[in-house]
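Structure data (mmCIF, C-alpha atoms) from my_file.cif:
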```cif
data_final
#
loop_
_atom_site.group_PDB
_atom_site.id
_atom_site.type_symbol
_atom_site.label_atom_id
_atom_site.label_comp_id
_atom_site.auth_asym_id
_atom_site.auth_seq_id
_atom_site.Cartn_x
_atom_site.Cartn_y
_atom_site.Cartn_z
ATOM 1 C CA MET A 1 315.226 119.889 272.347
ATOM 2 C CA PRO A 2 315.408 116.891 269.968
ATOM 3 C CA MET A 3 316.816 113.580 271.229
ATOM 4 C CA LYS A 4 320.296 112.839 269.991
ATOM 5 C CA LYS A 5 320.493 109.555 268.068
ATOM 6 C CA PRO A 6 322.850 107.016 269.615
ATOM 7 C CA LEU A 7 326.144 106.274 267.902
ATOM 8 C CA GLU A 8 325.769 103.317 265.524
ATOM 9 C CA ALA A 9 328.270 101.161 263.663
ATOM 10 C CA VAL A 10 328.051 98.260 261.227
ATOM 11 C CA ALA A 11 331.164 96.304 260.229
ATOM 12 C CA LEU A 12 331.412 94.443 256.936
ATOM 13 C CA GLU A 13 333.856 91.782 255.806
ATOM 14 C CA TYR A 14 334.625 91.220 252.154
ATOM 15 C CA GLY A 15 338.082 90.065 251.087
ATOM 16 C CA HIS A 16 337.800 86.379 250.236
ATOM 17 C CA LEU A 17 334.009 86.343 250.347
ATOM 18 C CA LYS A 18 331.870 86.577 247.214
ATOM 19 C CA THR A 19 329.546 89.127 248.815
ATOM 20 C CA PRO A 20 330.264 91.446 251.759
ATOM 21 C CA LYS A 21 328.592 90.391 254.990
ATOM 22 C CA VAL A 22 327.850 91.986 258.338
ATOM 23 C CA VAL A 23 330.316 90.796 260.969
ATOM 24 C CA ALA A 24 329.444 93.210 263.775
ATOM 25 C CA LYS A 25 326.914 95.902 264.572
ATOM 26 C CA GLY A 26 325.900 97.884 267.573
ATOM 27 C CA GLN A 27 324.813 101.122 269.157
ATOM 28 C CA SER A 28 326.257 103.421 271.794
ATOM 29 C CA GLU A 29 329.091 101.748 273.735
ATOM 30 C CA LEU A 30 329.221 98.689 271.453
ATOM 31 C CA ALA A 31 329.372 100.942 268.372
ATOM 32 C CA LEU A 32 332.253 102.852 269.913
ATOM 33 C CA ARG A 33 334.081 99.589 270.638
ATOM 34 C CA ILE A 34 333.547 98.392 267.037
ATOM 35 C CA ILE A 35 334.877 101.669 265.632
ATOM 36 C CA ASN A 36 337.847 101.798 268.012
ATOM 37 C CA GLU A 37 338.794 98.169 267.310
ATOM 38 C CA ALA A 38 338.549 98.767 263.560
ATOM 39 C CA LYS A 39 340.853 101.771 263.803
ATOM 40 C CA LYS A 40 343.243 99.858 266.079
ATOM 41 C CA GLN A 41 343.516 97.115 263.441
ATOM 42 C CA GLY A 42 344.024 99.577 260.601
ATOM 43 C CA ILE A 43 340.553 99.056 259.173
ATOM 44 C CA TYR A 44 339.169 102.081 257.404
ATOM 45 C CA VAL A 45 336.059 103.593 258.944
ATOM 46 C CA ALA A 46 333.677 105.423 256.636
ATOM 47 C CA GLU A 47 331.021 107.774 257.956
ATOM 48 C CA ASP A 48 327.954 107.359 255.768
ATOM 49 C CA PRO A 49 324.607 107.799 257.551
ATOM 50 C CA GLN A 50 322.599 106.700 254.492
ATOM 51 C CA LEU A 51 324.585 103.494 254.076
ATOM 52 C CA LEU A 52 324.393 102.938 257.824
ATOM 53 C CA ALA A 53 320.593 103.148 257.643
ATOM 54 C CA LEU A 54 320.562 100.407 254.993
ATOM 55 C CA LEU A 55 323.133 98.174 256.678
ATOM 56 C CA SER A 56 321.543 98.441 260.098
ATOM 57 C CA LYS A 57 318.516 96.539 258.741
ATOM 58 C CA LEU A 58 320.731 93.453 258.376
ATOM 59 C CA ASP A 59 321.669 91.006 261.105
ATOM 60 C CA VAL A 60 325.191 89.840 261.925
ATOM 61 C CA GLY A 61 326.061 87.093 259.443
ATOM 62 C CA ASP A 62 323.807 88.465 256.692
ATOM 63 C CA GLU A 63 325.248 89.244 253.279
ATOM 64 C CA ILE A 64 324.468 92.662 251.870
ATOM 65 C CA THR A 65 321.437 92.766 249.596
ATOM 66 C CA GLN A 66 321.521 93.652 245.919
ATOM 67 C CA ASP A 67 320.141 97.145 246.554
ATOM 68 C CA MET A 68 323.242 97.867 248.691
ATOM 69 C CA TYR A 69 325.839 96.753 246.109
ATOM 70 C CA THR A 70 326.486 100.165 244.564
ATOM 71 C CA ALA A 71 326.820 102.018 247.872
ATOM 72 C CA VAL A 72 329.149 99.372 249.310
ATOM 73 C CA ALA A 73 331.155 99.218 246.056
ATOM 74 C CA VAL A 74 331.832 102.949 246.316
ATOM 75 C CA ILE A 75 333.266 102.489 249.807
ATOM 76 C CA LEU A 76 335.268 99.412 248.794
ATOM 77 C CA SER A 77 336.732 101.206 245.767
ATOM 78 C CA TRP A 78 337.833 103.991 248.114
ATOM 79 C CA VAL A 79 339.550 101.408 250.349
ATOM 80 C CA TYR A 80 341.260 99.718 247.412
ATOM 81 C CA TRP A 81 342.581 103.125 246.342
ATOM 82 C CA LEU A 82 343.798 103.948 249.856
ATOM 83 C CA LYS A 83 345.634 100.616 250.066
ATOM 84 C CA GLY A 84 347.050 100.839 246.542
ATOM 85 C CA MET A 85 345.148 97.709 245.532
ATOM 86 C CA GLN A 86 343.079 96.699 242.534
ATOM 87 C CA PRO A 87 339.998 94.453 242.582
ATOM 88 C CA GLY A 88 341.165 90.857 242.629
ATOM 89 C CA ASP A 89 344.353 91.564 244.614
ATOM 90 C CA GLU A 90 342.689 90.222 247.766
ATOM 91 C CA LYS A 91 342.089 86.857 246.109
ATOM 92 C CA ALA A 92 345.767 86.345 245.211
ATOM 93 C CA VAL A 93 347.703 83.902 247.362
ATOM 94 C CA GLY A 94 348.812 85.816 250.405
ATOM 95 C CA GLY A 95 346.856 88.856 249.267
ATOM 96 C CA ALA A 96 345.585 91.137 251.967
ATOM 97 C CA ALA A 97 341.838 91.472 252.015
ATOM 98 C CA PRO A 98 340.498 95.018 251.761
ATOM 99 C CA THR A 99 339.376 95.465 255.322
ATOM 100 C CA ALA A 100 337.300 98.584 255.010
ATOM 101 C CA SER A 101 334.981 96.683 257.125
ATOM 102 C CA SER A 102 333.529 99.220 259.442
ATOM 103 C CA PHE A 103 330.892 101.298 257.764
ATOM 104 C CA GLY A 104 328.647 104.006 259.000
ATOM 105 C CA LYS A 105 328.940 106.180 261.993
ATOM 106 C CA ALA A 106 326.156 108.468 262.979
ATOM 107 C CA SER A 107 325.664 110.433 266.127
#
```

Show me this structure written as structure tokens.
Amino acid sequence: MPMKKPLEAVALEYGHLKTPKVVAKGQSELALRIINEAKKQGIYVAEDPQLLALLSKLDVGDEITQDMYTAVAVILSWVYWLKGMQPGDEKAVGGAAPTASSFGKAS
């Protein structure tokens, strides 16, 4: 019987930053805590094993690399749509940053 991969999560922050960066990542219990905290704060959680594989190569504090831009942009555009926002709204004074910060969930 094949080994089950542990749950993984990578959280990104964008909003007022020029480039999204990794703000949290973990496996198993830590991944579950990241996902639960994101949901508790109203942060959208996307399940994307391929994006997770890319993001998991980064360390906390790292900005995403150019080869990740398109995949992350797809997720961010989804979050903007869900929140009724348009790109640039997060940079307005008092604008809420698109906090679709928790990406990837694989089990």

Distance atom CA of Lys40 of chain A-atom CA of Lys5 of chain A, one decimal place?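 According to the coordinates, atom CA of Lys40 of chain A and atom CA of Lys5 of chain A are separated by 24.8 Å.
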
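Reported to one decimal place, the separation of atom CA of Glu47 of chain A from atom CA of Arg33 of chain A is 15.4 Å.
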
Would you please work out which residue, of A:Leu7, A:Trp78, A:Leu54, A:Asp67, is nearest to Leu30 of chain A when using all atoms listed in the file?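 Checking each candidate against Leu30 of chain A, we get A:Leu7 as the closest.
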
Within 10 Å of Ser77 of chain A, counting only C-alpha atoms, which residues show up once you throw out same-chain ones fewer than 3 positions away? Write them as a ChimeraX atom specification, please. /A:72-74,80-83,85-87,98,100

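One distance worth recording is that between atom CA of Gln27 of chain A and atom CA of Gln41 of chain A, which is 20.0 Å.
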
Who sits within 9 Å of Gly26 of chain A, only C-alpha atoms, same chain under 3 positions skipped, as a PyMOL selection string: chain A and resi 7-10+29-34+56

Counting all atoms listed in the file, the option among A:Gln50, A:Leu58, A:Ala11, A:Thr19 closest to Glu37 of chain A: A:Ala11

Please determine an axis-aligned box that encloses all atoms of segment 2-20 of chain A listed in the file, with 8 Å added on each side, and express its centre and edge lengths in Å to one decimal as lines of an AutoDock Vina configuration file.
```
center_x = 326.7
center_y = 101.6
center_z = 259.2
size_x = 38.7
size_y = 46.5
size_z = 40.0
```

Leaving out segment 61-63 of chain A and any residue of its chain fewer than 3 positions from it, which residues lie within 9 Å of it when counting all atoms listed in the file, given as a list in words?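 The residues that qualify are Leu12, Thr19, Pro20, Lys21, Val22, Val23, Ala24 and Leu58 of chain A.
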
Closest of A:Val45, A:Val60, A:Ala53, A:Ala38 to Lys25 of chain A - atom-to-atom distances counting all atoms listed in the file: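 Result for the nearest residue to Lys25 of chain A: A:Val60.
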
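With distances taken over all atoms listed in the file, A:Leu51 is the one residue among A:Gly84, A:Pro6, A:Glu13, A:Leu51 lying closest to Met68 of chain A.
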
Could you add the missing atoms to segment 62-80 of chain A, up to N, CA and C atoms, and return them as a PDB file, in the coordinates of the input?
```pdb
ATOM      1  N   ASP A  62     324.520  88.247 257.952  1.00  0.00           N
ATOM      2  CA  ASP A  62     323.807  88.465 256.692  1.00  0.00           C
ATOM      3  C   ASP A  62     324.737  89.060 255.648  1.00  0.00           C
ATOM      4  N   GLU A  63     324.562  88.604 254.394  1.00  0.00           N
ATOM      5  CA  GLU A  63     325.248  89.244 253.279  1.00  0.00           C
ATOM      6  C   GLU A  63     324.472  90.498 252.899  1.00  0.00           C
ATOM      7  N   ILE A  64     325.179  91.464 252.316  1.00  0.00           N
ATOM      8  CA  ILE A  64     324.468  92.662 251.870  1.00  0.00           C
ATOM      9  C   ILE A  64     323.496  92.270 250.760  1.00  0.00           C
ATOM     10  N   THR A  65     322.434  93.044 250.625  1.00  0.00           N
ATOM     11  CA  THR A  65     321.437  92.766 249.596  1.00  0.00           C
ATOM     12  C   THR A  65     321.790  93.516 248.319  1.00  0.00           C
ATOM     13  N   GLN A  66     321.191  93.091 247.224  1.00  0.00           N
ATOM     14  CA  GLN A  66     321.521  93.652 245.919  1.00  0.00           C
ATOM     15  C   GLN A  66     321.339  95.169 245.864  1.00  0.00           C
ATOM     16  N   ASP A  67     320.356  95.699 246.579  1.00  0.00           N
ATOM     17  CA  ASP A  67     320.141  97.145 246.554  1.00  0.00           C
ATOM     18  C   ASP A  67     321.245  97.926 247.287  1.00  0.00           C
ATOM     19  N   MET A  68     322.132  97.226 247.979  1.00  0.00           N
ATOM     20  CA  MET A  68     323.242  97.867 248.691  1.00  0.00           C
ATOM     21  C   MET A  68     324.552  97.785 247.916  1.00  0.00           C
ATOM     22  N   TYR A  69     324.595  97.005 246.840  1.00  0.00           N
ATOM     23  CA  TYR A  69     325.839  96.753 246.109  1.00  0.00           C
ATOM     24  C   TYR A  69     326.553  98.037 245.695  1.00  0.00           C
ATOM     25  N   THR A  70     325.837  98.960 245.081  1.00  0.00           N
ATOM     26  CA  THR A  70     326.486 100.165 244.564  1.00  0.00           C
ATOM     27  C   THR A  70     327.086 100.996 245.690  1.00  0.00           C
ATOM     28  N   ALA A  71     326.330 101.205 246.758  1.00  0.00           N
ATOM     29  CA  ALA A  71     326.820 102.018 247.872  1.00  0.00           C
ATOM     30  C   ALA A  71     328.047 101.378 248.525  1.00  0.00           C
ATOM     31  N   VAL A  72     328.016 100.063 248.698  1.00  0.00           N
ATOM     32  CA  VAL A  72     329.149  99.372 249.310  1.00  0.00           C
ATOM     33  C   VAL A  72     330.334  99.366 248.347  1.00  0.00           C
ATOM     34  N   ALA A  73     330.077  99.210 247.053  1.00  0.00           N
ATOM     35  CA  ALA A  73     331.155  99.218 246.056  1.00  0.00           C
ATOM     36  C   ALA A  73     331.903 100.548 246.055  1.00  0.00           C
ATOM     37  N   VAL A  74     331.188 101.635 246.255  1.00  0.00           N
ATOM     38  CA  VAL A  74     331.832 102.949 246.316  1.00  0.00           C
ATOM     39  C   VAL A  74     332.819 102.992 247.480  1.00  0.00           C
ATOM     40  N   ILE A  75     332.395 102.500 248.629  1.00  0.00           N
ATOM     41  CA  ILE A  75     333.266 102.489 249.807  1.00  0.00           C
ATOM     42  C   ILE A  75     334.452 101.556 249.573  1.00  0.00           C
ATOM     43  N   LEU A  76     334.179 100.360 249.034  1.00  0.00           N
ATOM     44  CA  LEU A  76     335.268  99.412 248.794  1.00  0.00           C
ATOM     45  C   LEU A  76     336.275  99.951 247.778  1.00  0.00           C
ATOM     46  N   SER A  77     335.799 100.646 246.756  1.00  0.00           N
ATOM     47  CA  SER A  77     336.732 101.206 245.767  1.00  0.00           C
ATOM     48  C   SER A  77     337.624 102.261 246.422  1.00  0.00           C
ATOM     49  N   TRP A  78     337.070 103.005 247.350  1.00  0.00           N
ATOM     50  CA  TRP A  78     337.833 103.991 248.114  1.00  0.00           C
ATOM     51  C   TRP A  78     338.929 103.283 248.921  1.00  0.00           C
ATOM     52  N   VAL A  79     338.583 102.151 249.541  1.00  0.00           N
ATOM     53  CA  VAL A  79     339.550 101.408 250.349  1.00  0.00           C
ATOM     54  C   VAL A  79     340.646 100.813 249.470  1.00  0.00           C
ATOM     55  N   TYR A  80     340.248 100.237 248.345  1.00  0.00           N
ATOM     56  CA  TYR A  80     341.260  99.718 247.412  1.00  0.00           C
ATOM     57  C   TYR A  80     342.247 100.825 247.056  1.00  0.00           C
TER      58      TYR A  80
END
```
